[in-house]
Amino acid sequence: MKKNIYLILIILLSMMSASGTAQTRIGGFPFFRSFLDGIMDEVERPGPNNPTAKPGVDRSNKADLVKNLGLQLTTLKSEVGAFYLPGYPFTTNDGLKIEFEYMMYTTPGSTGGITDGITMFLMDADRTGELEYGAEGAGFGYTYRWTNKTLEGNNIEGQRIKGILGGYLAIALDQNNFKTVRMEGHEQRNGVFYDDDPRKTPSTKPDKYNTYSNVTIRGAAGPDFREVVSRHPSGSLRYQLYEGDWGYPVLATRHTGGSRSSEDLWNQAGFILATDTGGYLQGGFQAGNIIPPIAQGFDIAGGGTFTDPDEPEYRKAIIKLETNPDSSVGGFKITVAIQHGNESTTVIENFTFPKKLTYIENGLPGAINNDFPLIATVPPRITYEVETPDQLVIGFMAATGTETNYTNVIKNLRITPLFGANTANDDITGHRRGPVTIRPLDNDLGYIDSGSGVIGDKEYLDPSSFRFWTDEYTCLGDRKFEHTVNGEGRWVYDETTAEALFFPEKGYVGEASIMYDIKGKESPYDGEKFRSSLAIISVTLANEYP
């Protein structure tokens, strides 16, 4: 039997004050959507900025539910699929854990290589009414596309694409170029500059580090107007940059390894922005570093569909946004891990999102020669302070370039408070005759504040807070510890032993399942907002007789 893995969260309704305007502290989280059942409530799809910027390219939002597959974001070349959660605002004082399974693979029937990837973004909640995504391809829909070149008779300004206005942060599953500077005639954008000639431009990195398969973090949109000058030995160019035309710098990027990697590059190819100079520092690749060591490289993309973590194609992103106790330095402390198959690897750990930074705007040519951009040897360095929005909302995008028809899918998206109780599925197979006893809390965690940090253990769970759910939308209620399914059997939970029992009907053969949630017993983690995601208890009954 294939395990049915359900990663399901309760949607807790926002508590309203008498005036009807107050929200809970973290916007009603937990949040869950499987995207497998054709339901996409409370999920909005934005449109593109400058939809006609690329003649012959349909820039409309391609996000579409595909039953039993997930939320399919792209399938062809030069596409963007995007969605966001306007009804779930939160602040940088709220720690969150964001998890989603994803599939990235060449669309069946097409040929070609990898292309771009998927990003999670945060933006100013007050600006969702004007949310329009940015450039497809290497821009991942988050950043701008600047150009000094006309295309098929269109004017230059008509081809420029602004990035997301009010964009605060993007964390990308980056198959190639989200991390790099772009200078390809009609597409220009800042990033890490890779070349074997270190004199080309400041902070040049060897070309071998321009890797496939990365996790990349980009920062906030530039919030205002800037006039800058980009210089080249043959001349210089002056630029007037408005909101959406600049910013979004690469803050950190790290190669994960995989089939296209060599020389153990997953412990070499990684860079962090030096926020005082705008250059890039190579990661330490040591335990305790922002870019920690990886024992064995892996592809960021699984390369196919999956239903089960036992399959090698399985991929899940696990993003932790932890409140930074020193808000004067920056916002969240960010940790990104990727589960590939049954193994989870931390790729970036405790990266502090900066409050003020300098970066090199190296995507602007220093000169133009016969309509061809020349890389600036003296690009402008821009310093700006990141304005922390009162509230943020979460969105997701996938983008493809011009090389390959590529499918990007997200499913089982769950967002929980960082230290909400943690549940895992329980799968009993091949049982014969009589009742089945399961100890569902043995592989779950509650949390306490030890004084030196938050720690987790099953002993910190409250067994009496256990609740049965018949499906992802229907809870039996508090202290309702018995449920009968006609034709299958009876489920019972014993709060004194923390055991669940299933009494099958005589002769029943097959799979029976039920869901549950739990919360901690120690303050503040005994509050409802720290209740767990749903987990599934699954029992497969074999033939009654050997």
# chains A, B, ... in the order shown; residues from 1 in each chain; ligands from 1

$ residues_around --residues "Lys458 (chain A)" --least-positions-apart "5" --cutoff "12 Å" --atoms "only C-alpha atoms" --output "PyMOL selection string"
chain A and resi 421-424+439-448+463+498+518-522

$ residues_around --residues "region 466-482 of chain A" --least-positions-apart "3" --cutoff "8 Å" --atoms "only C-alpha atoms" --output "ChimeraX atom specification"
/A:8-10,462-463,490-495,514-519,534

$ closest_atom_pairs --of "region 341-453 of chain A" --to "region 39-63 of chain A" --cutoff "12 Å" --atoms "only C-alpha atoms" --output "CSV"
residue,atom,partner,partner_atom,distance
A:Val393,CA,A:Val43,CA,11.5
A:Ile394,CA,A:Val43,CA,10.4
A:Gly395,CA,A:Glu44,CA,9.1
A:Phe396,CA,A:Arg45,CA,9.8
A:Met397,CA,A:Ala63,CA,8.7
A:Ala398,CA,A:Ala63,CA,8.9
A:Ala399,CA,A:Lys62,CA,9.8
A:Thr400,CA,A:Arg59,CA,11.1
A:Gly401,CA,A:Val57,CA,11.0
A:Thr402,CA,A:Val57,CA,10.1
A:Thr407,CA,A:Lys62,CA,10.9
A:Asn408,CA,A:Ala63,CA,9.6
A:Val409,CA,A:Ala63,CA,9.1
A:Ile410,CA,A:Ala63,CA,10.1
A:Lys411,CA,A:Met40,CA,11.3
A:Asn412,CA,A:Met40,CA,11.8
A:Leu413,CA,A:Met40,CA,11.4

$ closest_atom_pairs --of "region 152-248 of chain A" --to "region 128-132 of chain A" --cutoff "9 Å" --atoms "only C-alpha atoms" --output "JSON lines"
{"residue": "A:Lys162", "atom": "CA", "partner": "A:Glu132", "partner_atom": "CA", "distance": 8.7}
{"residue": "A:Gly163", "atom": "CA", "partner": "A:Glu132", "partner_atom": "CA", "distance": 8.1}
{"residue": "A:Ile164", "atom": "CA", "partner": "A:Glu132", "partner_atom": "CA", "distance": 6.2}
{"residue": "A:Leu165", "atom": "CA", "partner": "A:Leu131", "partner_atom": "CA", "distance": 6.8}
{"residue": "A:Gly166", "atom": "CA", "partner": "A:Leu131", "partner_atom": "CA", "distance": 8.3}

$ residues_around --residues "Asn93 (chain A)" --least-positions-apart "4" --cutoff "9 Å" --atoms "only C-alpha atoms" --output "VMD selection string"
chain A and resid 322 to 325 331 to 332

$ write_last_selection --atoms "N, CA and C atoms" --output "short mmCIF file (atom, residue, chain, number, x, y, z; two decimals), in the first residue's frame"
data_model
loop_
_atom_site.label_atom_id
_atom_site.label_comp_id
_atom_site.auth_asym_id
_atom_site.auth_seq_id
_atom_site.Cartn_x
_atom_site.Cartn_y
_atom_site.Cartn_z
N GLU A 322 12.00 33.23 12.19
CA GLU A 322 12.05 33.39 13.64
C GLU A 322 12.21 34.87 13.98
N THR A 323 11.47 35.33 14.97
CA THR A 323 11.56 36.72 15.40
C THR A 323 12.98 37.04 15.85
N ASN A 324 13.52 38.14 15.36
CA ASN A 324 14.85 38.57 15.74
C ASN A 324 14.75 39.39 17.03
N PRO A 325 15.39 38.96 18.11
CA PRO A 325 15.27 39.72 19.37
C PRO A 325 15.86 41.13 19.29
N GLY A 331 15.17 42.14 10.54
CA GLY A 331 13.90 41.46 10.74
C GLY A 331 14.09 40.01 11.11
N PHE A 332 13.44 39.13 10.38
CA PHE A 332 13.46 37.71 10.73
C PHE A 332 14.87 37.12 10.70
#

$ closest_residue --among "A:Pro233, A:Asn543, A:Leu65, A:Glu99" --to "Leu321 (chain A)" --atoms "only C-alpha atoms"
A:Glu99

$ select_by_dssp --residues "region 22-104 of chain A" --states "strand (DSSP E or B)" --output "compact mmCIF listing (two decimals) with N, CA and C atoms, in the first residue's frame"
# COMPACT_ATOMS: atom_id res chain seq x y z
N PHE A 31 -2.66 27.75 8.82
CA PHE A 31 -3.31 27.75 7.52
C PHE A 31 -2.93 26.46 6.81
N PHE A 32 -3.89 25.86 6.09
CA PHE A 32 -3.58 24.67 5.29
C PHE A 32 -4.41 24.65 4.02
N ARG A 33 -3.78 24.30 2.93
CA ARG A 33 -4.48 23.91 1.70
C ARG A 33 -3.73 22.75 1.09
N GLU A 44 -5.81 34.10 -3.49
CA GLU A 44 -6.03 35.02 -4.60
C GLU A 44 -4.91 34.89 -5.64
N GLY A 47 -2.40 39.53 -11.12
CA GLY A 47 -2.07 39.65 -12.53
C GLY A 47 -0.67 40.21 -12.72
N PRO A 48 -0.23 40.37 -13.97
CA PRO A 48 1.13 40.82 -14.24
C PRO A 48 1.26 42.33 -14.30
N ASN A 61 -1.53 35.04 -15.59
CA ASN A 61 -1.27 34.12 -14.49
C ASN A 61 -1.74 32.71 -14.87
N ASP A 64 -3.31 27.13 -11.74
CA ASP A 64 -4.55 26.38 -11.99
C ASP A 64 -4.54 25.11 -11.14
N LEU A 65 -5.66 24.84 -10.48
CA LEU A 65 -5.78 23.61 -9.70
C LEU A 65 -5.93 22.40 -10.62
N VAL A 66 -5.15 21.37 -10.36
CA VAL A 66 -5.28 20.11 -11.07
C VAL A 66 -5.57 19.05 -10.02
N GLY A 70 -2.20 18.99 -7.60
CA GLY A 70 -1.87 20.14 -6.78
C GLY A 70 -2.16 21.44 -7.51
N LEU A 71 -1.61 22.53 -7.01
CA LEU A 71 -1.76 23.83 -7.66
C LEU A 71 -0.64 23.95 -8.68
N GLN A 72 -0.99 23.76 -9.93
CA GLN A 72 -0.02 23.78 -11.03
C GLN A 72 0.21 25.24 -11.44
N LEU A 73 1.45 25.68 -11.38
CA LEU A 73 1.77 27.07 -11.62
C LEU A 73 2.26 27.33 -13.04
N THR A 74 2.99 26.42 -13.63
CA THR A 74 3.48 26.58 -15.01
C THR A 74 3.55 25.22 -15.69
N VAL A 80 4.40 32.53 -15.84
CA VAL A 80 4.37 32.80 -14.40
C VAL A 80 3.03 32.28 -13.86
N GLY A 81 3.09 31.61 -12.73
CA GLY A 81 1.90 31.26 -11.98
C GLY A 81 2.09 31.80 -10.57
N ALA A 82 1.08 32.46 -10.02
CA ALA A 82 1.25 33.12 -8.72
C ALA A 82 -0.04 33.11 -7.92
N PHE A 83 0.11 33.08 -6.58
CA PHE A 83 -1.04 33.24 -5.69
C PHE A 83 -0.55 33.81 -4.36
N TYR A 84 -1.47 34.38 -3.59
CA TYR A 84 -1.11 34.92 -2.29
C TYR A 84 -2.30 34.79 -1.35
N PHE A 90 0.48 38.95 9.06
CA PHE A 90 1.26 38.73 10.27
C PHE A 90 2.34 39.80 10.33
N LEU A 96 7.00 32.14 12.24
CA LEU A 96 6.19 31.23 11.43
C LEU A 96 7.05 30.10 10.88
N LYS A 97 6.41 28.97 10.66
CA LYS A 97 7.01 27.85 9.95
C LYS A 97 6.16 27.60 8.71
N ILE A 98 6.78 27.65 7.54
CA ILE A 98 6.08 27.52 6.27
C ILE A 98 6.60 26.27 5.57
N GLU A 99 5.70 25.35 5.27
CA GLU A 99 6.09 24.09 4.64
C GLU A 99 5.21 23.84 3.43
N PHE A 100 5.82 23.39 2.36
CA PHE A 100 5.05 22.99 1.19
C PHE A 100 5.82 21.95 0.38
N GLU A 101 5.06 20.99 -0.12
CA GLU A 101 5.64 20.03 -1.04
C GLU A 101 5.61 20.64 -2.44
N TYR A 102 6.61 20.33 -3.24
CA TYR A 102 6.65 20.90 -4.58
C TYR A 102 7.21 19.89 -5.58
N MET A 103 6.74 20.04 -6.82
CA MET A 103 7.22 19.20 -7.92
C MET A 103 7.71 20.11 -9.03
N MET A 104 8.92 19.83 -9.53
CA MET A 104 9.53 20.62 -10.60
C MET A 104 10.09 19.62 -11.61
